[in-house]
$ cat coords.cif   # mmCIF, C-alpha atoms
data_my_file
#
loop_
_atom_site.label_atom_id
_atom_site.label_comp_id
_atom_site.auth_asym_id
_atom_site.auth_seq_id
_atom_site.Cartn_x
_atom_site.Cartn_y
_atom_site.Cartn_z
CA MET A 19 104.40 108.77 101.63
CA LEU A 20 100.70 108.67 102.47
CA MET A 21 98.03 107.65 99.98
CA HIS A 22 96.22 110.99 99.99
CA THR A 23 99.43 112.96 99.43
CA LEU A 24 99.39 111.56 95.89
CA LEU A 25 96.42 113.85 95.25
CA LEU A 26 98.09 116.80 96.96
CA ASP A 27 101.29 116.36 94.96
CA GLY A 28 99.30 116.07 91.74
CA ALA A 29 97.38 119.25 92.54
CA ASN A 30 100.62 121.11 93.27
CA ARG A 31 102.15 120.05 89.96
CA SER A 32 99.17 120.03 87.60
CA PRO A 33 95.96 121.23 89.29
CA ASP A 34 93.94 121.20 86.05
CA HIS A 35 95.09 117.76 84.91
CA ASP A 36 92.40 115.06 84.97
CA CYS A 37 92.72 112.87 88.06
CA PHE A 38 89.62 110.63 88.09
CA HIS A 39 87.01 109.85 85.46
CA TRP A 40 83.78 108.02 86.27
CA VAL A 41 83.03 106.19 83.05
CA ASN A 42 79.41 105.25 83.83
CA ARG A 43 78.39 108.85 84.44
CA ASP A 44 80.98 110.63 82.27
CA LYS A 45 82.08 112.69 85.27
CA SER A 46 85.63 113.88 85.83
CA LEU A 47 87.65 115.51 88.59
CA THR A 48 90.90 117.38 88.14
CA TYR A 49 93.60 117.00 90.75
CA ALA A 50 92.53 120.28 92.32
CA GLY A 51 88.91 119.13 92.27
CA ALA A 52 89.84 115.77 93.79
CA VAL A 53 91.66 117.49 96.66
CA GLU A 54 88.64 119.69 97.34
CA ALA A 55 86.32 116.67 97.30
CA MET A 56 88.67 114.81 99.66
CA GLU A 57 88.68 117.74 102.09
CA ARG A 58 84.89 117.91 102.10
CA ALA A 59 84.60 114.17 102.71
CA ALA A 60 87.17 114.40 105.50
CA GLY A 61 85.14 117.17 107.12
CA ALA A 62 81.96 115.11 106.88
CA LEU A 63 83.58 112.12 108.59
CA ALA A 64 85.22 114.25 111.26
CA HIS A 65 81.80 115.79 111.96
CA PHE A 66 80.69 112.39 113.29
CA GLY A 67 83.75 112.02 115.49
CA VAL A 68 85.87 109.82 113.23
CA LYS A 69 89.45 109.89 114.56
CA PRO A 70 92.79 108.42 113.45
CA GLY A 71 92.61 104.64 113.60
CA ASP A 72 88.81 104.48 113.43
CA ARG A 73 87.27 102.26 110.79
CA VAL A 74 84.91 103.69 108.20
CA THR A 75 83.03 101.04 106.25
CA ILE A 76 82.50 101.78 102.57
CA PHE A 77 79.82 99.45 101.24
CA ALA A 78 79.13 100.65 97.73
CA HIS A 79 79.48 100.15 94.02
CA ASN A 80 82.49 101.63 92.26
CA GLY A 81 82.16 105.35 91.63
CA MET A 82 83.55 108.80 92.28
CA ASP A 83 81.93 108.99 95.72
CA TYR A 84 83.70 105.78 96.71
CA LEU A 85 87.06 107.35 95.91
CA THR A 86 86.15 110.64 97.57
CA VAL A 87 85.17 108.98 100.86
CA MET A 88 88.19 106.67 100.79
CA PHE A 89 90.61 109.59 100.38
CA GLY A 90 88.63 111.49 103.02
CA CYS A 91 89.31 108.65 105.46
CA TRP A 92 93.03 108.79 104.78
CA ARG A 93 93.11 112.57 105.09
CA ILE A 94 92.06 112.34 108.78
CA GLY A 95 94.01 109.17 109.57
CA ALA A 96 91.04 106.80 109.54
CA ILE A 97 91.05 103.30 108.06
CA ALA A 98 88.88 102.68 105.00
CA ALA A 99 87.23 99.30 105.66
CA LEU A 100 86.11 98.00 102.28
CA VAL A 101 83.39 95.37 101.90
CA ASN A 102 82.20 94.09 98.52
CA VAL A 103 78.48 94.66 97.94
CA LYS A 104 78.04 91.05 96.88
CA PHE A 105 78.43 90.09 100.55
CA ALA A 106 75.30 91.92 101.70
CA ALA A 107 73.92 88.81 103.41
CA GLU A 108 77.09 88.49 105.53
CA LEU A 109 77.32 92.17 106.47
CA PRO A 110 76.71 91.54 110.22
CA TYR A 111 79.89 89.44 110.27
CA TYR A 112 81.95 92.20 108.67
CA PHE A 113 80.63 94.90 111.00
CA ALA A 114 81.35 92.72 114.05
CA ASP A 115 84.83 92.01 112.74
CA HIS A 116 86.10 95.57 112.15
CA GLU A 117 83.67 97.58 114.35
CA PRO A 118 83.13 100.68 112.19
CA THR A 119 82.47 104.17 113.52
CA VAL A 120 80.64 105.29 110.37
CA VAL A 121 79.16 103.37 107.44
CA VAL A 122 78.92 104.94 103.98
CA TYR A 123 76.73 103.07 101.50
CA THR A 124 74.74 103.33 98.28
CA HIS A 125 70.95 103.66 98.48
CA ASP A 126 70.20 100.16 97.16
CA MET A 127 72.06 98.61 100.12
CA VAL A 128 69.88 100.29 102.77
CA VAL A 129 68.09 97.12 103.93
CA PRO A 130 71.18 94.99 104.72
CA VAL A 131 73.07 98.01 106.09
CA LYS A 132 70.34 98.95 108.58
CA ALA A 133 69.80 95.34 109.63
CA ALA A 134 73.51 94.82 110.31
CA ALA A 135 73.99 98.23 111.94
CA ALA A 136 71.22 97.53 114.45
CA ASN A 137 73.52 95.04 116.19
CA CYS A 138 76.75 97.03 115.94
CA PRO A 139 77.04 99.48 118.87
CA THR A 140 80.21 101.17 117.57
CA ILE A 141 78.38 102.79 114.63
CA ARG A 142 77.65 106.47 115.22
CA ALA A 143 76.22 107.35 111.81
CA LEU A 144 75.01 105.91 108.52
CA ILE A 145 75.68 108.02 105.42
CA CYS A 146 73.93 107.38 102.13
CA MET A 147 75.88 108.38 99.02
CA ASP A 148 72.75 109.14 97.03
CA GLY A 149 70.90 111.50 99.36
CA PRO A 150 68.92 111.32 102.60
CA GLN A 151 67.23 108.13 103.74
CA GLU A 152 65.35 107.44 106.95
CA GLY A 153 67.92 106.96 109.69
CA ALA A 154 70.81 108.00 107.44
CA HIS A 155 72.52 111.25 106.54
CA SER A 156 72.96 112.53 102.98
CA LEU A 157 76.52 112.50 101.66
CA PRO A 158 75.79 115.23 99.04
CA ASP A 159 74.41 117.49 101.79
CA LEU A 160 77.40 116.85 104.04
CA LEU A 161 79.85 117.58 101.22
CA ALA A 162 78.02 120.78 100.34
CA ALA A 163 78.25 121.96 103.96
CA LYS A 164 82.07 122.21 103.79
CA LEU A 165 82.47 121.10 107.39
CA PRO A 166 85.71 121.84 109.28
CA VAL A 167 88.62 119.47 108.71
CA PRO A 168 91.11 118.59 111.47
CA VAL A 169 94.86 118.93 111.03
CA ASP A 170 96.38 116.13 108.94
CA PRO A 171 97.98 113.64 111.40
CA TYR A 172 100.46 112.68 108.66
CA ASP A 173 101.48 109.33 110.11
CA GLU A 174 103.25 107.19 107.51
CA ASP A 175 102.96 104.16 109.79
CA ALA A 176 99.18 104.52 109.91
CA LEU A 177 96.92 101.80 108.56
CA ALA A 178 95.29 102.84 105.29
CA HIS A 179 92.76 100.25 104.24
CA LEU A 180 91.23 97.03 105.39
CA SER A 181 90.23 94.58 102.67
CA TYR A 182 88.97 91.05 103.10
CA THR A 183 90.36 87.75 101.86
CA SER A 184 88.19 85.49 99.74
CA GLY A 185 87.49 83.15 102.65
CA THR A 186 88.46 79.96 100.81
CA THR A 187 89.72 78.30 104.02
CA GLY A 188 87.15 79.72 106.42
CA LYS A 189 85.59 83.08 107.20
CA PRO A 190 87.03 86.04 105.22
CA LYS A 191 89.80 87.72 107.19
CA GLY A 192 90.49 91.43 107.27
CA ALA A 193 93.91 92.20 105.77
CA VAL A 194 95.14 95.66 106.73
CA LEU A 195 97.77 97.51 104.70
CA ARG A 196 99.69 100.60 105.69
CA HIS A 197 100.06 103.71 103.56
CA GLU A 198 103.76 103.50 102.74
CA PRO A 199 103.90 99.87 101.49
CA THR A 200 100.78 100.44 99.36
CA VAL A 201 102.28 103.54 97.73
CA ARG A 202 105.58 101.69 97.22
CA ALA A 203 103.81 98.77 95.52
CA SER A 204 101.98 101.18 93.23
CA ARG A 205 105.21 102.95 92.30
CA CYS A 206 106.96 99.64 91.57
CA ILE A 207 104.15 98.54 89.25
CA ALA A 208 104.09 101.93 87.51
CA GLU A 209 107.84 101.80 86.99
CA ARG A 210 107.73 98.24 85.68
CA LEU A 211 104.93 99.09 83.22
CA GLN A 212 106.57 102.42 82.33
CA ILE A 213 103.42 104.37 83.16
CA THR A 214 103.71 108.13 82.65
CA ALA A 215 101.53 111.14 83.48
CA ASP A 216 100.00 110.89 80.00
CA ASP A 217 98.64 107.38 80.55
CA VAL A 218 95.17 106.40 81.74
CA SER A 219 94.55 103.44 84.05
CA PHE A 220 91.16 101.74 83.67
CA GLY A 221 89.90 100.04 86.84
CA PRO A 222 86.91 97.75 86.16
CA SER A 223 87.23 95.50 89.21
CA ALA A 224 85.80 96.20 92.66
CA LEU A 225 87.48 98.95 94.67
CA SER A 226 86.94 96.76 97.73
CA SER A 227 89.87 94.69 96.46
CA SER A 228 93.40 95.68 97.53
CA TYR A 229 94.51 94.63 94.04
CA GLN A 230 92.38 97.34 92.45
CA LEU A 231 93.60 99.91 94.97
CA VAL A 232 97.23 99.31 94.05
#
$ encode --input "coords.cif" --output "structure tokens"
Amino acid sequence: MLMHTLLLDGANRSPDHDCFHWVNRDKSLTYAGAVEAMERAAGALAHFGVKPGDRVTIFAHNGMDYLTVMFGCWRIGAIAALVNVKFAAELPYYFADHEPTVVVYTHDMVVPVKAAAANCPTIRALICMDGPQEGAHSLPDLLAAKLPVPVDPYDEDALAHLSYTSGTTGKPKGAVLRHEPTVRASRCIAERLQITADDVSFGPSALSSSYQLV
């Protein structure tokens, strides 16, 4: 199973059931709403030529847009490359390491993002989650445009996300996980904890961590 099919299955079963809730802004998405947001994000990324296997850097604080872009990556077969915002000073290293096609970031990270992107020739576009900035496209505008979405490649062997180790024995290393093992790990944990559809999972740690993703 692919990560984004979890949303599709949820929407098929219970489209009006709450899927995500952004605590800070008291904003919710149903499963049907989450699928629509994912499709719009996928269209926005595809608009800039993102293809299966390409890396899309998400450099942002936790939030609904983070999830939307991440699922949008998976919908078109791209790899969500996740970098914690606390590593802003080392961003050139991360860009050089995973060579992103597109970078999606929050407005307060514009200075380190632009500085690092200037030396990364693989980057085709910068996208700001909070609206237009000089040299960057507006994510809200791109989502509103409902850009065309390519056919789902549906490759269960595809790489899903790239998260970085803590770097305790040297430079942080990009650890890449595939869709199927990540879904399997999530299902094992849910079964062990006896999580049901009526339960709510609270995720306070950084989404850039593979632990939080699972």
$ residues_around --input "coords.cif" --residues "Ala114 (chain A)" --least-positions-apart "4" --cutoff "10 Å" --atoms "all atoms listed in the file" --output "MDAnalysis selection string"
chainID A and resid 109:110 118 134:135 137:140
$ residues_around --input "coords.cif" --residues "Ala215 (chain A)" --least-positions-apart "2" --cutoff "12 Å" --atoms "all atoms listed in the file" --output "compact mmCIF listing (two decimals) with C-alpha atoms, keeping the file's coordinate frame"
# COMPACT_ATOMS: atom_id res chain seq x y z
CA GLY A 28 99.30 116.07 91.74
CA ARG A 31 102.15 120.05 89.96
CA SER A 32 99.17 120.03 87.60
CA HIS A 35 95.09 117.76 84.91
CA ASP A 36 92.40 115.06 84.97
CA CYS A 37 92.72 112.87 88.06
CA ALA A 208 104.09 101.93 87.51
CA GLU A 209 107.84 101.80 86.99
CA GLN A 212 106.57 102.42 82.33
CA ILE A 213 103.42 104.37 83.16
CA ASP A 217 98.64 107.38 80.55
CA VAL A 218 95.17 106.40 81.74
CA SER A 219 94.55 103.44 84.05
$ closest_residue --input "coords.cif" --among "A:Asp175, A:Asp126, A:Asp170, A:Asp159" --to "Phe77 (chain A)" --atoms "all atoms listed in the file"
A:Asp126
$ atom_distance --input "coords.cif" --atom1 "CA of Cys206 (chain A)" --atom2 "CA of Ala224 (chain A)"
21.5 Å
$ residues_around --input "coords.cif" --residues "Val41 (chain A)" --least-positions-apart "5" --cutoff "10 Å" --atoms "all atoms listed in the file" --output "PyMOL selection string"
chain A and resi 46+81-82+220-222
$ closest_residue --input "coords.cif" --among "A:Lys45, A:Lys164, A:His125, A:His197" --to "Cys146 (chain A)" --atoms "only C-alpha atoms"
A:His125
$ resolve_selection --input "coords.cif" --expression "the PyMOL selection byres ((chain A and resi 23) around 12)" --output "ChimeraX atom specification"
/A:19-22,24-30,49,52-53,56,89-90,92-94,170,172-174,197-198,201
$ atom_distance --input "coords.cif" --atom1 "CA of Asn80 (chain A)" --atom2 "CA of Lys104 (chain A)"
12.4 Å
$ resolve_selection --input "coords.cif" --expression "the PyMOL selection byres ((chain A and resi 97-99) around 9)" --output "count of residues only"
29
$ atom_distance --input "coords.cif" --atom1 "CA of Leu157 (chain A)" --atom2 "CA of Glu108 (chain A)"
24.3 Å
$ residues_around --input "coords.cif" --residues "Gly149 (chain A)" --least-positions-apart "6" --cutoff "12 Å" --atoms "all atoms listed in the file" --output "ChimeraX atom specification"
/A:83,122-126,128,155-162
$ decode --input "coords.cif" --residues "region 33-51 of chain A" --atoms "C-alpha atoms" --output "short mmCIF file (atom, residue, chain, number, x, y, z; two decimals), in the first residue's frame"
data_model
loop_
_atom_site.label_atom_id
_atom_site.label_comp_id
_atom_site.auth_asym_id
_atom_site.auth_seq_id
_atom_site.Cartn_x
_atom_site.Cartn_y
_atom_site.Cartn_z
CA PRO A 33 -15.62 11.08 3.49
CA ASP A 34 -17.00 13.39 6.20
CA HIS A 35 -14.93 11.93 9.04
CA ASP A 36 -12.23 14.25 10.42
CA CYS A 37 -8.82 13.36 9.02
CA PHE A 38 -6.45 16.13 10.16
CA HIS A 39 -6.80 18.87 12.75
CA TRP A 40 -4.33 21.76 13.02
CA VAL A 41 -4.42 22.58 16.71
CA ASN A 42 -2.65 25.96 16.51
CA ARG A 43 -5.16 27.36 14.03
CA ASP A 44 -8.21 25.24 14.93
CA LYS A 45 -8.48 24.12 11.30
CA SER A 46 -9.74 20.70 10.23
CA LEU A 47 -9.93 18.64 7.06
CA THR A 48 -12.24 15.71 6.48
CA TYR A 49 -10.96 12.74 4.53
CA ALA A 50 -12.67 14.05 1.41
CA GLY A 51 -11.17 17.50 2.03
#
